[in-house]
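Peer 1: This structure is in structure tokens; I'll ask about it shortly.
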Amino acid sequence: MNTADGTPMILLLAAGEGARFGGIKQLAPLDGEPMVRRSARQALACGVPVRVLLGAHADAVAPVLADLPLEVQVHPDWSRGMGDSLAAGVRAVQARHPHTGGVLVTLADQPRIGPRLLPALLQAHARTPDRIIATALDGRAGPPALFPRDDFAALAALTGAHGARALLQREAARVTLLDPRDHDADLLDIDTPADLARATCPPAGTTDRP
């Protein structure tokens, strides 16, 4: 899909090592498919361009995405942390899609967000394109979050382990928060095998299927 008309795109972060998981977390099976593929399909269902950022285990993870209509980027410095990976992804978006109107940052290890939350973020951006649209996490702004292009420079300058949390705090006055419960979204982060076991049943009200 062309982003010359200002269409936002989705940046799916899947670069982490997943050390607490004890294996290749991106390939952990959920509903019969690798977790990263499930998250990528949920992003593609939104009808906007999708870019997946890989890092750790990229050689093993990339093949499960090969048949999907998306862009895959491998970040060799993934070990520097989420902030560094997010910055690399945004810089690539800037270079490859200079006219995109925003970037919706979502995480591969939140595969139970369901079919409604990402479209809701995109719809809110269409109504208020100058605002940051984020998800409320325990009363704080967090991912998935959609940043307009005015924030690309700040995102592209991130470093270290932390993602966009500081930016969200600094720009709190222009952040719109969506309650995930209003969109039947389960924001469980799958960091351990126990988390994966908890994710085996979808949240009530979702209609997502593999």
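Naming works like this for the structure tokens: A, B, ... for the chains as they're shown, residue 1 at the start of each chain, ligands 1 onward in shown order.
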Return as a PyMOL selection string the full set of residues in region 104-143 of chain A whose backbone-based DSSP assignment is helix (DSSP H, G or I).
Peer 2: chain A and resi 117-127
Peer 1: Give me, as a PyMOL selection string, the residues of region 9-209 of chain A that a backbone DSSP run labels strand (DSSP E or B).
Peer 2: chain A and resi 9-14+29-30+33-34+50-55+57+71-74+102-107+132-137+140-148+175-178
Peer 1: Could the residues in this selection be saved with C-alpha atoms as a short mmCIF file (atom, residue, chain, number, x, y, z; two decimals), in the first residue's frame?
Peer 2:
data_model
loop_
_atom_site.label_atom_id
_atom_site.label_comp_id
_atom_site.auth_asym_id
_atom_site.auth_seq_id
_atom_site.Cartn_x
_atom_site.Cartn_y
_atom_site.Cartn_z
CA MET A 9 1.84 2.53 8.91
CA ILE A 10 2.32 -0.09 11.59
CA LEU A 11 5.74 -0.88 13.07
CA LEU A 12 5.69 -4.26 14.79
CA LEU A 13 8.61 -4.70 17.17
CA ALA A 14 9.89 -8.27 17.38
CA PRO A 29 3.04 -21.37 19.28
CA LEU A 30 -0.28 -19.68 19.97
CA GLU A 33 0.92 -20.52 14.70
CA PRO A 34 4.06 -18.64 15.76
CA VAL A 50 3.18 -3.06 8.05
CA ARG A 51 6.90 -3.21 8.82
CA VAL A 52 8.24 -5.88 11.19
CA LEU A 53 11.49 -5.20 13.01
CA LEU A 54 13.50 -8.34 13.79
CA GLY A 55 16.74 -8.72 15.69
CA HIS A 57 17.00 -15.02 16.11
CA GLU A 71 8.26 -5.33 5.06
CA VAL A 72 10.84 -7.10 7.23
CA GLN A 73 13.78 -5.20 8.72
CA VAL A 74 16.60 -6.82 10.68
CA GLY A 102 2.28 8.44 11.44
CA VAL A 103 3.59 5.20 12.87
CA LEU A 104 1.60 2.82 15.05
CA VAL A 105 4.07 1.03 17.30
CA THR A 106 2.92 -2.37 18.51
CA LEU A 107 4.66 -5.33 20.13
CA ILE A 132 -0.48 10.88 19.99
CA ILE A 133 -2.95 8.04 20.42
CA ALA A 134 -1.86 5.54 23.05
CA THR A 135 -3.28 2.68 25.07
CA ALA A 136 -3.98 3.11 28.78
CA LEU A 137 -1.84 0.69 30.80
CA ARG A 140 -0.31 5.32 31.97
CA ALA A 141 0.20 5.69 28.25
CA GLY A 142 1.80 2.69 26.58
CA PRO A 143 1.82 0.49 23.52
CA PRO A 144 0.23 0.00 21.15
CA ALA A 145 0.63 3.71 20.46
CA LEU A 146 0.34 5.81 17.31
CA PHE A 147 2.72 8.74 16.85
CA PRO A 148 2.17 11.43 14.19
CA VAL A 175 -1.79 12.21 24.30
CA THR A 176 -5.22 10.65 23.83
CA LEU A 177 -5.65 7.44 25.82
CA LEU A 178 -7.81 4.53 24.70
#
Peer 1: Give me, please, the distance in Å between CA of Ala156 (chain A) and CA of Met82 (chain A), quoted to one decimal.
Peer 2: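 Between CA of Ala156 (chain A) and CA of Met82 (chain A) the gap is 12.0 Å.
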Peer 1: Can you work out which one of A:Ala88, A:Ile113, A:Val48, A:Ala95 has the shortest atom-to-atom distance to Thr159 (chain A), counting only C-alpha atoms?
Peer 2: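 Ranking A:Ala88, A:Ile113, A:Val48, A:Ala95 by distance to Thr159 (chain A), first place goes to A:Ala88.
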Peer 1: Which of these residues is nearest to Asp5 (chain A), using only C-alpha atoms: A:Arg38, A:His99, A:Arg80, A:Arg91?
Peer 2: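 Closest candidate: A:His99.
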Peer 1: Between A:Thr200, A:Gln110, A:Thr100, A:Thr128, which one has atoms that come closest to Thr7 (chain A), using only C-alpha atoms?
Peer 2: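 Checking each of A:Thr200, A:Gln110, A:Thr100, A:Thr128 against Thr7 (chain A), counting only C-alpha atoms, the winner is A:Thr100.
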Peer 1: List as a ChimeraX atom specification the protein and nucleic acid residues near region 181-193 of chain A, meaning an atom at most 7 Å away when only C-alpha atoms are counted, but skip any in the same chain fewer than 2 places from it.
Peer 2: /A:18,20-21,109-110,112-114,116-117,179,195-197,203,205-206
Peer 1: So what do you get for CA of Val93 (chain A) versus CA of Asp151 (chain A), distance-wise?
Peer 2: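 Atom-to-atom, CA of Val93 (chain A) and CA of Asp151 (chain A) are spaced 12.6 Å apart.
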Peer 1: Looking at only C-alpha atoms, which of A:Gly16, A:Pro98, A:Pro180, A:Gly89 is the one that sits closest to Ala120 (chain A)?
Peer 2: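 Once distances to Ala120 (chain A) are computed over only C-alpha atoms, the minimum belongs to A:Pro180.
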